[in-house]
>>> print(open('target_7.txt').read())   # compact mmCIF, C-alpha atoms and all ligand atoms
# COMPACT_ATOMS: atom_id res chain seq x y z
CA MET A 21 0.00 0.00 0.00
CA LEU A 22 1.24 3.46 -0.80
CA ASN A 23 1.43 5.96 2.03
CA HIS A 24 -1.00 8.68 1.06
CA ASP A 25 -0.40 11.03 4.01
CA VAL A 26 1.58 13.33 1.76
CA MET A 27 -1.39 13.61 -0.61
CA GLU A 28 -3.60 14.80 2.24
CA TRP A 29 -0.97 17.24 3.46
CA ILE A 30 -0.67 18.77 -0.03
CA ALA A 31 -4.45 19.07 -0.30
CA ASP A 32 -4.48 21.90 2.28
CA GLN A 33 -1.56 23.90 0.91
CA GLN A 34 -2.96 26.07 -1.88
CA SER A 35 -2.99 29.33 0.07
CA ASN A 36 0.50 28.70 1.50
CA MET A 37 1.75 27.96 -2.00
CA VAL A 38 0.23 31.17 -3.37
CA SER A 39 1.87 33.09 -0.54
CA LEU A 40 5.34 31.76 -1.45
CA LEU A 41 4.56 32.42 -5.12
CA ASP A 42 3.81 36.05 -4.20
CA ASP A 43 7.25 36.28 -2.52
CA LEU A 44 9.08 34.82 -5.52
CA VAL A 45 7.23 36.79 -8.22
CA SER A 46 7.89 39.96 -6.22
CA ILE A 47 11.64 39.60 -6.88
CA ASP A 48 12.92 40.71 -10.31
CA SER A 49 15.07 37.87 -11.63
CA ASN A 50 16.04 38.44 -15.24
CA THR A 51 18.71 35.94 -16.26
CA HIS A 52 21.30 38.73 -16.42
CA ASP A 53 20.33 40.13 -12.99
CA LYS A 54 22.49 37.88 -10.82
CA VAL A 55 21.60 39.76 -7.65
CA GLY A 56 17.89 39.23 -8.32
CA VAL A 57 18.18 35.55 -9.22
CA ASP A 58 20.28 34.98 -6.09
CA ARG A 59 17.57 36.68 -4.02
CA VAL A 60 15.04 34.17 -5.37
CA GLY A 61 17.44 31.39 -4.38
CA ALA A 62 17.86 32.89 -0.92
CA ARG A 63 14.09 33.05 -0.41
CA ILE A 64 13.64 29.40 -1.43
CA ARG A 65 16.57 28.40 0.75
CA ALA A 66 15.11 30.24 3.77
CA PHE A 67 11.75 28.55 3.19
CA LEU A 68 13.29 25.08 3.00
CA GLU A 69 15.76 25.55 5.86
CA ALA A 70 12.97 26.77 8.12
CA GLU A 71 11.44 23.32 7.57
CA GLY A 72 14.75 21.60 8.35
CA ILE A 73 15.71 20.72 4.77
CA ALA A 74 19.43 20.81 3.98
CA CYS A 75 20.39 23.13 1.11
CA GLU A 76 23.66 23.64 -0.72
CA THR A 77 24.50 26.58 -2.96
CA THR A 78 26.85 26.13 -5.90
CA PRO A 79 28.35 29.53 -6.76
CA VAL A 80 28.03 30.59 -10.39
CA ALA A 81 30.09 33.59 -11.50
CA GLU A 82 27.98 35.27 -14.17
CA HIS A 83 24.47 34.03 -13.50
CA GLY A 84 22.39 33.01 -10.52
CA ASP A 85 23.88 30.48 -8.12
CA ALA A 86 22.42 26.97 -8.23
CA LEU A 87 20.54 25.76 -5.15
CA HIS A 88 20.37 22.03 -4.40
CA ALA A 89 18.10 20.71 -1.64
CA ARG A 90 18.32 17.10 -0.56
CA LEU A 91 16.04 14.83 1.46
CA THR A 92 17.54 11.49 2.36
CA GLY A 93 15.62 8.36 3.20
CA GLY A 94 13.66 5.68 1.51
CA SER A 95 14.83 2.84 -0.64
CA GLY A 96 17.83 2.78 -2.93
CA ASN A 97 20.46 5.44 -3.45
CA ALA A 98 19.40 7.06 -6.70
CA PRO A 99 17.25 10.09 -5.95
CA VAL A 100 14.24 11.47 -7.74
CA LEU A 101 15.18 14.95 -8.97
CA LEU A 102 12.71 17.83 -9.07
CA MET A 103 14.04 20.61 -11.26
CA GLY A 104 13.27 24.22 -12.15
CA HIS A 105 14.77 27.59 -13.14
CA MET A 106 14.62 30.81 -11.12
CA ASP A 107 15.38 33.28 -13.93
CA THR A 108 12.78 35.05 -16.07
CA VAL A 109 12.86 36.91 -19.38
CA PHE A 110 11.55 40.13 -17.83
CA PRO A 111 13.78 43.18 -17.23
CA THR A 112 14.63 44.39 -13.76
CA GLY A 113 11.94 46.90 -12.76
CA GLU A 114 9.10 44.83 -14.24
CA VAL A 115 7.89 43.82 -10.77
CA ALA A 116 7.35 47.47 -9.81
CA ARG A 117 5.39 48.05 -13.02
CA ARG A 118 3.45 44.81 -12.85
CA PRO A 119 3.40 43.41 -9.30
CA PHE A 120 1.98 40.00 -8.41
CA ARG A 121 -1.80 40.07 -8.30
CA VAL A 122 -4.64 37.59 -8.02
CA GLU A 123 -7.87 37.88 -9.98
CA GLY A 124 -10.26 35.08 -9.14
CA ASN A 125 -8.44 31.83 -9.81
CA LEU A 126 -5.59 33.41 -11.81
CA GLY A 127 -2.25 34.70 -10.55
CA TYR A 128 -0.42 37.31 -12.65
CA GLY A 129 3.06 38.80 -12.57
CA PRO A 130 6.43 38.37 -14.28
CA GLY A 131 7.48 34.72 -14.31
CA CYS A 132 4.45 33.60 -12.27
CA SER A 133 3.88 30.61 -14.51
CA ASP A 134 7.31 30.29 -16.21
CA MET A 135 8.26 29.10 -13.77
CA LYS A 136 8.03 30.38 -10.26
CA ALA A 137 4.83 28.39 -9.67
CA GLY A 138 6.81 25.24 -10.50
CA LEU A 139 9.55 26.22 -8.03
CA VAL A 140 6.94 26.66 -5.32
CA MET A 141 5.42 23.28 -6.14
CA ASN A 142 8.81 21.53 -5.92
CA ALA A 143 9.62 23.20 -2.59
CA PHE A 144 6.26 22.11 -1.15
CA LEU A 145 6.78 18.54 -2.37
CA LEU A 146 9.99 18.36 -0.33
CA VAL A 147 8.29 19.79 2.74
CA GLY A 148 5.24 17.57 2.28
CA PHE A 149 7.26 14.36 2.16
CA LEU A 150 9.40 15.44 5.10
CA LYS A 151 6.36 16.23 7.26
CA THR A 152 4.66 12.91 6.51
CA GLY A 153 7.36 10.46 7.47
CA GLY A 154 10.02 11.19 4.87
CA PRO A 155 10.19 10.47 1.15
CA PRO A 156 10.01 6.85 -0.03
CA VAL A 157 13.17 7.46 -2.09
CA PRO A 158 15.91 10.11 -1.71
CA LEU A 159 14.29 13.28 -3.03
CA HIS A 160 16.33 16.18 -4.41
CA ALA A 161 15.37 19.55 -5.86
CA LEU A 162 17.61 21.67 -8.06
CA PHE A 163 16.97 25.37 -8.69
CA THR A 164 19.08 27.01 -11.42
CA GLY A 165 19.46 30.52 -12.76
CA ASP A 166 20.09 30.78 -16.52
CA GLU A 167 17.58 28.61 -18.38
CA GLU A 168 16.15 31.43 -20.45
CA ILE A 169 19.47 31.86 -22.27
CA GLY A 170 20.13 28.14 -22.73
CA SER A 171 21.72 27.35 -19.33
CA PRO A 172 25.32 28.11 -20.36
CA THR A 173 26.58 27.87 -16.78
CA SER A 174 23.97 25.56 -15.21
CA ARG A 175 24.26 22.85 -17.82
CA PRO A 176 27.07 20.85 -16.11
CA ILE A 177 25.30 21.24 -12.75
CA ILE A 178 22.06 19.88 -14.24
CA GLU A 179 23.91 17.06 -15.99
CA THR A 180 25.60 15.94 -12.76
CA ALA A 181 22.35 16.04 -10.79
CA ALA A 182 20.36 14.29 -13.54
CA ARG A 183 22.97 11.56 -14.04
CA GLU A 184 22.77 10.43 -10.42
CA ALA A 185 18.96 10.49 -10.43
CA ARG A 186 16.55 7.65 -11.25
CA ALA A 187 13.98 10.07 -12.66
CA VAL A 188 13.65 13.80 -13.33
CA PHE A 189 10.48 15.90 -13.06
CA ASN A 190 10.98 19.37 -14.54
CA SER A 191 8.17 21.63 -13.32
CA GLU A 192 7.85 23.99 -16.27
CA PRO A 193 4.22 25.14 -16.58
CA GLY A 194 1.65 22.53 -17.54
CA ARG A 195 0.05 23.22 -20.93
CA SER A 196 -3.26 25.08 -20.86
CA ASN A 197 -5.09 21.78 -21.48
CA GLY A 198 -3.25 20.25 -18.51
CA ASN A 199 -0.89 18.16 -20.61
CA ILE A 200 2.68 17.40 -19.62
CA VAL A 201 5.53 17.41 -22.12
CA SER A 202 7.38 14.28 -23.20
CA GLY A 203 9.43 15.76 -26.07
CA ARG A 204 10.87 19.13 -27.04
CA ARG A 205 12.84 20.64 -29.87
CA GLY A 206 16.45 21.62 -29.34
CA GLY A 207 17.74 25.12 -29.86
CA ALA A 208 20.85 27.25 -30.15
CA PHE A 209 21.40 30.99 -29.84
CA TYR A 210 24.10 32.75 -31.89
CA ARG A 211 25.50 36.28 -32.11
CA VAL A 212 26.93 37.36 -35.47
CA ARG A 213 29.21 40.38 -35.63
CA VAL A 214 29.83 41.97 -39.03
CA THR A 215 32.79 44.31 -39.34
CA GLY A 216 33.02 46.78 -42.23
CA ARG A 217 34.85 50.08 -42.56
CA SER A 218 33.68 53.56 -41.62
CA ALA A 219 33.74 56.56 -43.97
CA HIS A 220 31.98 59.92 -44.29
CA SER A 221 28.71 59.18 -46.02
CA GLY A 222 28.69 62.47 -47.94
CA LEU A 223 32.36 63.09 -48.59
CA ASN A 224 33.86 59.71 -49.45
CA PRO A 225 31.25 56.93 -49.11
CA ALA A 226 33.09 54.72 -51.59
CA ASP A 227 35.92 54.35 -49.07
CA GLY A 228 33.49 52.78 -46.60
CA ARG A 229 32.16 49.25 -46.38
CA SER A 230 28.71 49.13 -44.82
CA ALA A 231 28.34 46.41 -42.22
CA ILE A 232 24.62 47.19 -42.04
CA HIS A 233 24.15 46.57 -45.76
CA GLU A 234 26.04 43.29 -45.45
CA LEU A 235 23.97 42.22 -42.43
CA ALA A 236 20.70 43.10 -44.20
CA ARG A 237 21.56 40.68 -47.02
CA LYS A 238 22.47 37.96 -44.53
CA ILE A 239 19.18 38.37 -42.67
CA GLY A 240 17.27 37.52 -45.85
CA ALA A 241 19.42 34.45 -46.39
CA TRP A 242 18.95 33.22 -42.81
CA GLN A 243 15.18 33.69 -43.03
CA ASP A 244 15.11 31.70 -46.28
CA LEU A 245 17.17 28.96 -44.64
CA GLY A 246 14.53 28.69 -41.91
CA ASP A 247 11.87 28.06 -44.56
CA THR A 248 13.66 25.03 -46.03
CA GLN A 249 12.30 22.52 -43.47
CA ASP A 250 9.00 22.49 -41.55
CA ASP A 251 10.57 21.44 -38.26
CA ILE A 252 13.25 24.15 -38.37
CA SER A 253 12.72 27.69 -37.07
CA ILE A 254 15.23 30.50 -37.49
CA ASN A 255 14.46 33.82 -35.80
CA ILE A 256 16.62 36.93 -35.96
CA GLY A 257 15.49 38.42 -32.67
CA ILE A 258 17.91 41.31 -32.19
CA ILE A 259 19.87 43.53 -34.58
CA ALA A 260 22.09 46.52 -33.87
CA GLY A 261 24.79 48.47 -35.63
CA GLY A 262 26.13 51.68 -37.05
CA GLN A 263 27.71 54.76 -35.57
CA SER A 264 25.80 57.78 -36.88
CA VAL A 265 23.38 58.51 -39.68
CA ASN A 266 26.14 60.15 -41.74
CA THR A 267 28.74 57.42 -41.30
CA VAL A 268 29.04 54.28 -43.42
CA ALA A 269 28.37 51.66 -40.73
CA PRO A 270 31.59 50.04 -39.51
CA ASP A 271 29.82 47.33 -37.52
CA ALA A 272 26.54 45.48 -37.17
CA MET A 273 25.28 42.65 -34.99
CA ALA A 274 22.46 40.15 -35.06
CA GLU A 275 21.31 37.49 -32.60
CA ILE A 276 19.80 34.37 -34.09
CA ASP A 277 17.68 31.62 -32.54
CA LEU A 278 17.74 28.20 -34.25
CA ARG A 279 15.20 25.48 -33.29
CA PHE A 280 15.42 21.89 -34.52
CA THR A 281 13.94 18.45 -33.79
CA ALA A 282 16.44 15.90 -35.15
CA PRO A 283 19.72 16.08 -33.19
CA ASP A 284 21.67 15.92 -36.50
CA ASP A 285 20.04 19.10 -37.74
CA GLU A 286 21.85 21.20 -35.16
CA ALA A 287 25.27 20.82 -36.81
CA LYS A 288 23.80 21.02 -40.30
CA PHE A 289 21.97 24.29 -39.75
CA GLU A 290 24.72 25.77 -37.59
CA ALA A 291 27.09 25.21 -40.51
CA ALA A 292 24.67 26.90 -42.91
CA ILE A 293 24.11 29.88 -40.58
CA THR A 294 27.89 30.23 -40.16
CA ALA A 295 28.51 30.03 -43.91
CA ILE A 296 26.04 32.87 -44.50
CA ALA A 297 27.66 34.87 -41.68
CA LYS A 298 31.14 34.48 -43.12
CA ASN A 299 30.26 34.88 -46.79
CA CYS A 300 30.49 38.66 -47.27
CA LEU A 301 29.91 40.23 -50.67
CA GLN A 302 32.00 43.34 -50.06
CA ASP A 303 35.80 43.17 -50.01
CA GLY A 304 37.28 43.60 -46.56
CA VAL A 305 34.04 42.90 -44.67
CA THR A 306 34.06 40.02 -42.21
CA GLY A 307 31.45 38.10 -40.25
CA GLU A 308 32.10 36.13 -37.05
CA VAL A 309 29.76 33.81 -35.14
CA GLU A 310 29.67 33.28 -31.39
CA THR A 311 27.45 30.65 -29.72
CA LEU A 312 25.54 32.12 -26.79
CA GLY A 313 23.66 29.06 -25.55
CA ARG A 314 22.32 25.66 -26.50
CA PHE A 315 19.34 23.50 -25.56
CA ARG A 316 19.41 19.76 -26.16
CA PRO A 317 16.26 18.32 -27.75
CA MET A 318 14.22 16.36 -25.23
CA ALA A 319 14.02 12.92 -26.80
CA GLN A 320 12.13 9.78 -25.78
CA ASN A 321 13.84 6.56 -24.77
CA ASP A 322 12.25 3.48 -23.18
CA GLY A 323 12.87 4.79 -19.67
CA ALA A 324 11.33 8.16 -20.46
CA ARG A 325 8.30 6.49 -22.04
CA ALA A 326 7.83 4.38 -18.91
CA LEU A 327 8.15 7.41 -16.64
CA THR A 328 5.67 9.36 -18.76
CA GLN A 329 3.19 6.48 -18.50
CA LEU A 330 3.76 6.22 -14.75
CA TYR A 331 2.99 9.94 -14.36
CA LEU A 332 -0.12 9.68 -16.55
CA ASP A 333 -1.33 6.66 -14.55
CA ALA A 334 -0.84 8.66 -11.34
CA ALA A 335 -2.72 11.63 -12.78
CA HIS A 336 -5.55 9.38 -14.00
CA ASP A 337 -5.75 7.73 -10.55
CA LEU A 338 -6.39 11.24 -9.23
CA GLY A 339 -9.15 11.82 -11.76
CA GLN A 340 -7.09 14.10 -13.99
CA THR A 341 -7.33 13.84 -17.77
CA THR A 342 -3.69 14.66 -18.46
CA GLN A 343 -1.99 13.52 -21.67
CA ALA A 344 1.62 13.88 -22.83
CA GLU A 345 2.55 16.00 -25.85
CA PHE A 346 5.50 17.17 -27.91
CA THR A 347 6.16 20.90 -27.78
CA ARG A 348 8.23 23.13 -30.06
CA SER A 349 9.89 25.15 -27.29
CA CYS A 350 13.07 24.23 -25.38
CA ALA A 351 13.82 23.71 -21.70
CA ASP A 352 16.33 22.25 -19.27
CA SER A 353 14.51 18.92 -19.52
CA GLY A 354 16.48 18.51 -22.76
CA VAL A 355 19.74 18.73 -20.80
CA ALA A 356 18.45 16.22 -18.25
CA SER A 357 17.10 13.77 -20.81
CA ALA A 358 20.35 13.92 -22.83
CA THR A 359 22.07 12.22 -19.85
CA GLY A 360 19.81 9.21 -20.44
CA THR A 361 17.89 9.61 -17.18
CA PRO A 362 14.11 9.28 -17.70
CA THR A 363 12.68 12.80 -17.69
CA VAL A 364 9.23 14.34 -17.93
CA CYS A 365 8.58 18.05 -18.29
CA ALA A 366 5.83 20.61 -17.69
CA THR A 367 4.65 18.95 -14.48
CA GLY A 368 4.18 22.40 -12.90
CA PRO A 369 0.91 24.20 -12.21
CA ILE A 370 -1.03 25.04 -15.34
CA GLY A 371 -0.35 28.41 -16.92
CA ALA A 372 -0.15 30.18 -20.23
CA LYS A 373 1.06 33.25 -22.16
CA ALA A 374 4.65 32.78 -20.94
CA HIS A 375 7.09 35.58 -21.84
CA SER A 376 4.23 38.07 -22.19
CA GLN A 377 2.46 40.66 -20.05
CA ASP A 378 -0.62 38.41 -20.01
CA GLU A 379 1.18 35.44 -18.42
CA TYR A 380 -0.96 33.74 -15.78
CA VAL A 381 -1.03 30.67 -13.57
CA LYS A 382 -4.19 28.83 -12.48
CA LEU A 383 -4.03 28.81 -8.71
CA ASP A 384 -6.38 25.85 -8.24
CA THR A 385 -3.93 23.63 -10.14
CA PHE A 386 -1.15 23.88 -7.51
CA VAL A 387 -2.61 21.10 -5.39
CA PRO A 388 -3.57 18.59 -8.13
CA ARG A 389 -0.29 19.07 -10.01
CA ALA A 390 1.73 18.61 -6.81
CA GLN A 391 -0.32 15.52 -5.96
CA ALA A 392 0.31 14.01 -9.41
CA VAL A 393 4.08 14.32 -8.93
CA ALA A 394 3.83 13.06 -5.33
CA LEU A 395 1.84 10.00 -6.39
CA SER A 396 4.32 9.39 -9.23
CA ILE A 397 7.15 9.38 -6.67
CA LEU A 398 5.22 6.93 -4.48
CA LYS A 399 4.61 4.67 -7.48
CA LEU A 400 8.28 4.89 -8.52
CA ALA A 401 9.35 3.88 -5.04
CA SER A 402 6.94 0.95 -4.90
CA GLU A 403 8.32 -0.26 -8.24
CA GLY A 404 11.73 -0.26 -6.52
CA SER A 405 13.34 0.85 -9.76
CA ALA A 406 16.52 2.12 -8.16
ZN ZN B 501 10.70 28.14 -18.19
>>> encode(input="target_7.txt", output="structure tokens")
Amino acid sequence: MLNHDVMEWIADQQSNMVSLLDDLVSIDSNTHDKVGVDRVGARIRAFLEAEGIACETTPVAEHGDALHARLTGGSGNAPVLLMGHMDTVFPTGEVARRPFRVEGNLGYGPGCSDMKAGLVMNAFLLVGFLKTGGPPVPLHALFTGDEEIGSPTSRPIIETAAREARAVFNSEPGRSNGNIVSGRRGGAFYRVRVTGRSAHSGLNPADGRSAIHELARKIGAWQDLGDTQDDISINIGIIAGGQSVNTVAPDAMAEIDLRFTAPDDEAKFEAAITAIAKNCLQDGVTGEVETLGRFRPMAQNDGARALTQLYLDAAHDLGQTTQAEFTRSCADSGVASATGTPTVCATGPIGAKAHSQDEYVKLDTFVPRAQAVALSILKLASEGSA
């Protein structure tokens, strides 16, 4: 028989969860705001330590420190890993403009759904198992700080934690229909710098080499490249360049986002993007590519399929109609699943409109989503699949 005390404990926690969500959403934590992301980590750490849960911080130089909480106990050595990211895409100051607010059953505010609600859920799962006799397996939670830019510094930390785990639950927001995610595309972010030569645009323009003109041609070529395959997306999300309106532009810059499904397509399209970047039509103009971040595709193996089914069985036992789906966006679950450890994603509370002002989380989904993960952990432990 599974011990269901934890399920009952979770059932009463919605208002406490919303209160911690308020605390976390009220801290600006853009990926590049290390101080802010570390404040989110400190708040989670204080919450967990107040309940007697051991936490360890791994310092990260450029981005938010990683926080690792560990509950021992139960059968076997391999832990179940609950995972989530503390950074958001919103600029520092967004909280003051758009503070956390509740309207009926919906919570609003920067990062409320993606994915501070998931962080809250994971923290409460640890506390819930601790308060009801301890987890049936070692239970760990990892909170990282640079997912929104492809986890350049957290990736090895995630890989180490995922490798030692028997299963990973990444609490990105559940889809609006309640589905979890069993597969994701991979992605890579690039910055291209084009260097030309400046000249006076009235006096001697022929002496100049316009980096902006060169970049404009490349942008067309990259967009066309993105249209060559249905499962490929190429987005030029940022451009910059030039010095003054009356100077032939000596430099220009673009940031490019590549999304792919088949792992082999990453190298193929990276090579094509690079070739366009380097192939300059004007003499003396150069283009250089820098990789800013990468997401592994989240792929299915037998273990992941079994874990997905186990989660769906748990959800169905609880009367939920959850299904699993493939989604075109990327997440740290790709990093975890690339280690070979069975991984499911989007187990967090249900939300939508991520990365927009209209982002919301459904507050009455905190309890059922937490219970579905808790029951999955109980089922995993009873399978004894250490
Ligand atoms: Zn996210």
>>> closest_residue(input="target_7.txt", among="A:Ala344, A:Ala292, A:Ala187, A:Leu44", to="Met135 of chain A", atoms="all atoms listed in the file")
A:Leu44
>>> residues_near_point(input="target_7.txt", point="(23.4, 24.5, -30.7)", cutoff="12 Å", atoms="only C-alpha atoms", output="PyMOL selection string")
chain A and resi 169-172+205-210+276-291+293-294+310-317+350
>>> atom_distance(input="target_7.txt", atom1="atom CA of Leu327 of chain A", atom2="atom CA of Asn190 of chain A")
12.5 Å
>>> atom_distance(input="target_7.txt", atom1="atom CA of Gln343 of chain A", atom2="atom CA of Gly198 of chain A")
7.5 Å
>>> closest_atom_pairs(input="target_7.txt", of="chain A", to="ligand ZN 501 (chain B)", cutoff="8 Å", atoms="all atoms listed in the file", output="JSON lines")
{"residue": "A:Gly104", "atom": "CA", "partner": "B:ZN501", "partner_atom": "ZN", "distance": 7.6}
{"residue": "A:His105", "atom": "CA", "partner": "B:ZN501", "partner_atom": "ZN", "distance": 6.5}
{"residue": "A:Thr108", "atom": "CA", "partner": "B:ZN501", "partner_atom": "ZN", "distance": 7.5}
{"residue": "A:Asp134", "atom": "CA", "partner": "B:ZN501", "partner_atom": "ZN", "distance": 4.5}
{"residue": "A:Met135", "atom": "CA", "partner": "B:ZN501", "partner_atom": "ZN", "distance": 5.1}
{"residue": "A:Glu167", "atom": "CA", "partner": "B:ZN501", "partner_atom": "ZN", "distance": 6.9}
{"residue": "A:Glu168", "atom": "CA", "partner": "B:ZN501", "partner_atom": "ZN", "distance": 6.8}
{"residue": "A:Glu192", "atom": "CA", "partner": "B:ZN501", "partner_atom": "ZN", "distance": 5.4}
{"residue": "A:Pro193", "atom": "CA", "partner": "B:ZN501", "partner_atom": "ZN", "distance": 7.3}
{"residue": "A:Ala351", "atom": "CA", "partner": "B:ZN501", "partner_atom": "ZN", "distance": 6.5}
>>> residues_around(input="target_7.txt", residues="segment 374-384 of chain A", least_positions_apart="4", cutoff="12 Å", atoms="only C-alpha atoms", output="PyMOL selection string")
chain A and resi 31-39+41-42+45+50+107-111+114-115+117-138+140-141+168+192-198+349+368-370+388-390
>>> atom_distance(input="target_7.txt", atom1="atom CA of Asp58 of chain A", atom2="atom CA of Thr77 of chain A")
9.9 Å
>>> build_atoms(input="target_7.txt", residues="segment 80-88 of chain A", atoms="all heavy atoms", output="PDB file, keeping the file's coordinate frame")
ATOM      1  N   VAL A  80      27.905  30.440  -8.953  1.00  0.00           N
ATOM      2  CA  VAL A  80      28.030  30.590 -10.390  1.00  0.00           C
ATOM      3  C   VAL A  80      28.456  32.042 -10.624  1.00  0.00           C
ATOM      4  O   VAL A  80      27.853  32.961 -10.064  1.00  0.00           O
ATOM      5  CB  VAL A  80      26.687  30.298 -11.106  1.00  0.00           C
ATOM      6  CG1 VAL A  80      26.746  30.662 -12.572  1.00  0.00           C
ATOM      7  CG2 VAL A  80      26.287  28.831 -10.923  1.00  0.00           C
ATOM      8  N   ALA A  81      29.508  32.242 -11.407  1.00  0.00           N
ATOM      9  CA  ALA A  81      30.090  33.590 -11.500  1.00  0.00           C
ATOM     10  C   ALA A  81      29.140  34.581 -12.177  1.00  0.00           C
ATOM     11  O   ALA A  81      28.809  35.627 -11.625  1.00  0.00           O
ATOM     12  CB  ALA A  81      31.416  33.528 -12.231  1.00  0.00           C
ATOM     13  N   GLU A  82      28.684  34.260 -13.374  1.00  0.00           N
ATOM     14  CA  GLU A  82      27.980  35.270 -14.170  1.00  0.00           C
ATOM     15  C   GLU A  82      26.476  35.281 -13.962  1.00  0.00           C
ATOM     16  O   GLU A  82      25.835  36.309 -14.151  1.00  0.00           O
ATOM     17  CB  GLU A  82      28.235  35.002 -15.662  1.00  0.00           C
ATOM     18  CG  GLU A  82      29.504  35.631 -16.168  1.00  0.00           C
ATOM     19  CD  GLU A  82      29.634  35.423 -17.667  1.00  0.00           C
ATOM     20  OE1 GLU A  82      28.684  35.734 -18.385  1.00  0.00           O
ATOM     21  OE2 GLU A  82      30.689  34.915 -18.081  1.00  0.00           O
ATOM     22  N   HIS A  83      25.916  34.122 -13.627  1.00  0.00           N
ATOM     23  CA  HIS A  83      24.470  34.030 -13.500  1.00  0.00           C
ATOM     24  C   HIS A  83      24.116  33.599 -12.082  1.00  0.00           C
ATOM     25  O   HIS A  83      24.979  33.502 -11.236  1.00  0.00           O
ATOM     26  CB  HIS A  83      23.905  33.078 -14.560  1.00  0.00           C
ATOM     27  CG  HIS A  83      24.258  33.507 -15.954  1.00  0.00           C
ATOM     28  ND1 HIS A  83      23.796  34.678 -16.494  1.00  0.00           N
ATOM     29  CD2 HIS A  83      25.057  32.963 -16.890  1.00  0.00           C
ATOM     30  CE1 HIS A  83      24.297  34.829 -17.711  1.00  0.00           C
ATOM     31  NE2 HIS A  83      25.063  33.806 -17.975  1.00  0.00           N
ATOM     32  N   GLY A  84      22.824  33.365 -11.866  1.00  0.00           N
ATOM     33  CA  GLY A  84      22.390  33.010 -10.520  1.00  0.00           C
ATOM     34  C   GLY A  84      23.032  31.715 -10.022  1.00  0.00           C
ATOM     35  O   GLY A  84      23.253  30.777 -10.791  1.00  0.00           O
ATOM     36  N   ASP A  85      23.332  31.693  -8.730  1.00  0.00           N
ATOM     37  CA  ASP A  85      23.880  30.480  -8.120  1.00  0.00           C
ATOM     38  C   ASP A  85      22.845  29.360  -8.200  1.00  0.00           C
ATOM     39  O   ASP A  85      21.639  29.621  -8.200  1.00  0.00           O
ATOM     40  CB  ASP A  85      24.208  30.729  -6.642  1.00  0.00           C
ATOM     41  CG  ASP A  85      25.328  31.748  -6.464  1.00  0.00           C
ATOM     42  OD1 ASP A  85      26.091  31.957  -7.426  1.00  0.00           O
ATOM     43  OD2 ASP A  85      25.434  32.324  -5.363  1.00  0.00           O
ATOM     44  N   ALA A  86      23.336  28.113  -8.242  1.00  0.00           N
ATOM     45  CA  ALA A  86      22.420  26.970  -8.230  1.00  0.00           C
ATOM     46  C   ALA A  86      22.167  26.558  -6.783  1.00  0.00           C
ATOM     47  O   ALA A  86      23.072  26.577  -5.946  1.00  0.00           O
ATOM     48  CB  ALA A  86      23.030  25.804  -9.004  1.00  0.00           C
ATOM     49  N   LEU A  87      20.923  26.198  -6.492  1.00  0.00           N
ATOM     50  CA  LEU A  87      20.540  25.760  -5.150  1.00  0.00           C
ATOM     51  C   LEU A  87      20.095  24.297  -5.242  1.00  0.00           C
ATOM     52  O   LEU A  87      19.277  23.944  -6.099  1.00  0.00           O
ATOM     53  CB  LEU A  87      19.387  26.628  -4.641  1.00  0.00           C
ATOM     54  CG  LEU A  87      18.829  26.293  -3.258  1.00  0.00           C
ATOM     55  CD1 LEU A  87      19.856  26.601  -2.179  1.00  0.00           C
ATOM     56  CD2 LEU A  87      17.540  27.083  -3.013  1.00  0.00           C
ATOM     57  N   HIS A  88      20.664  23.458  -4.372  1.00  0.00           N
ATOM     58  CA  HIS A  88      20.370  22.030  -4.400  1.00  0.00           C
ATOM     59  C   HIS A  88      19.878  21.632  -3.012  1.00  0.00           C
ATOM     60  O   HIS A  88      20.597  21.809  -2.032  1.00  0.00           O
ATOM     61  CB  HIS A  88      21.680  21.275  -4.721  1.00  0.00           C
ATOM     62  CG  HIS A  88      21.477  19.975  -5.431  1.00  0.00           C
ATOM     63  ND1 HIS A  88      22.441  19.392  -6.223  1.00  0.00           N
ATOM     64  CD2 HIS A  88      20.436  19.132  -5.472  1.00  0.00           C
ATOM     65  CE1 HIS A  88      21.982  18.263  -6.721  1.00  0.00           C
ATOM     66  NE2 HIS A  88      20.766  18.076  -6.278  1.00  0.00           N
TER      67      HIS A  88
END
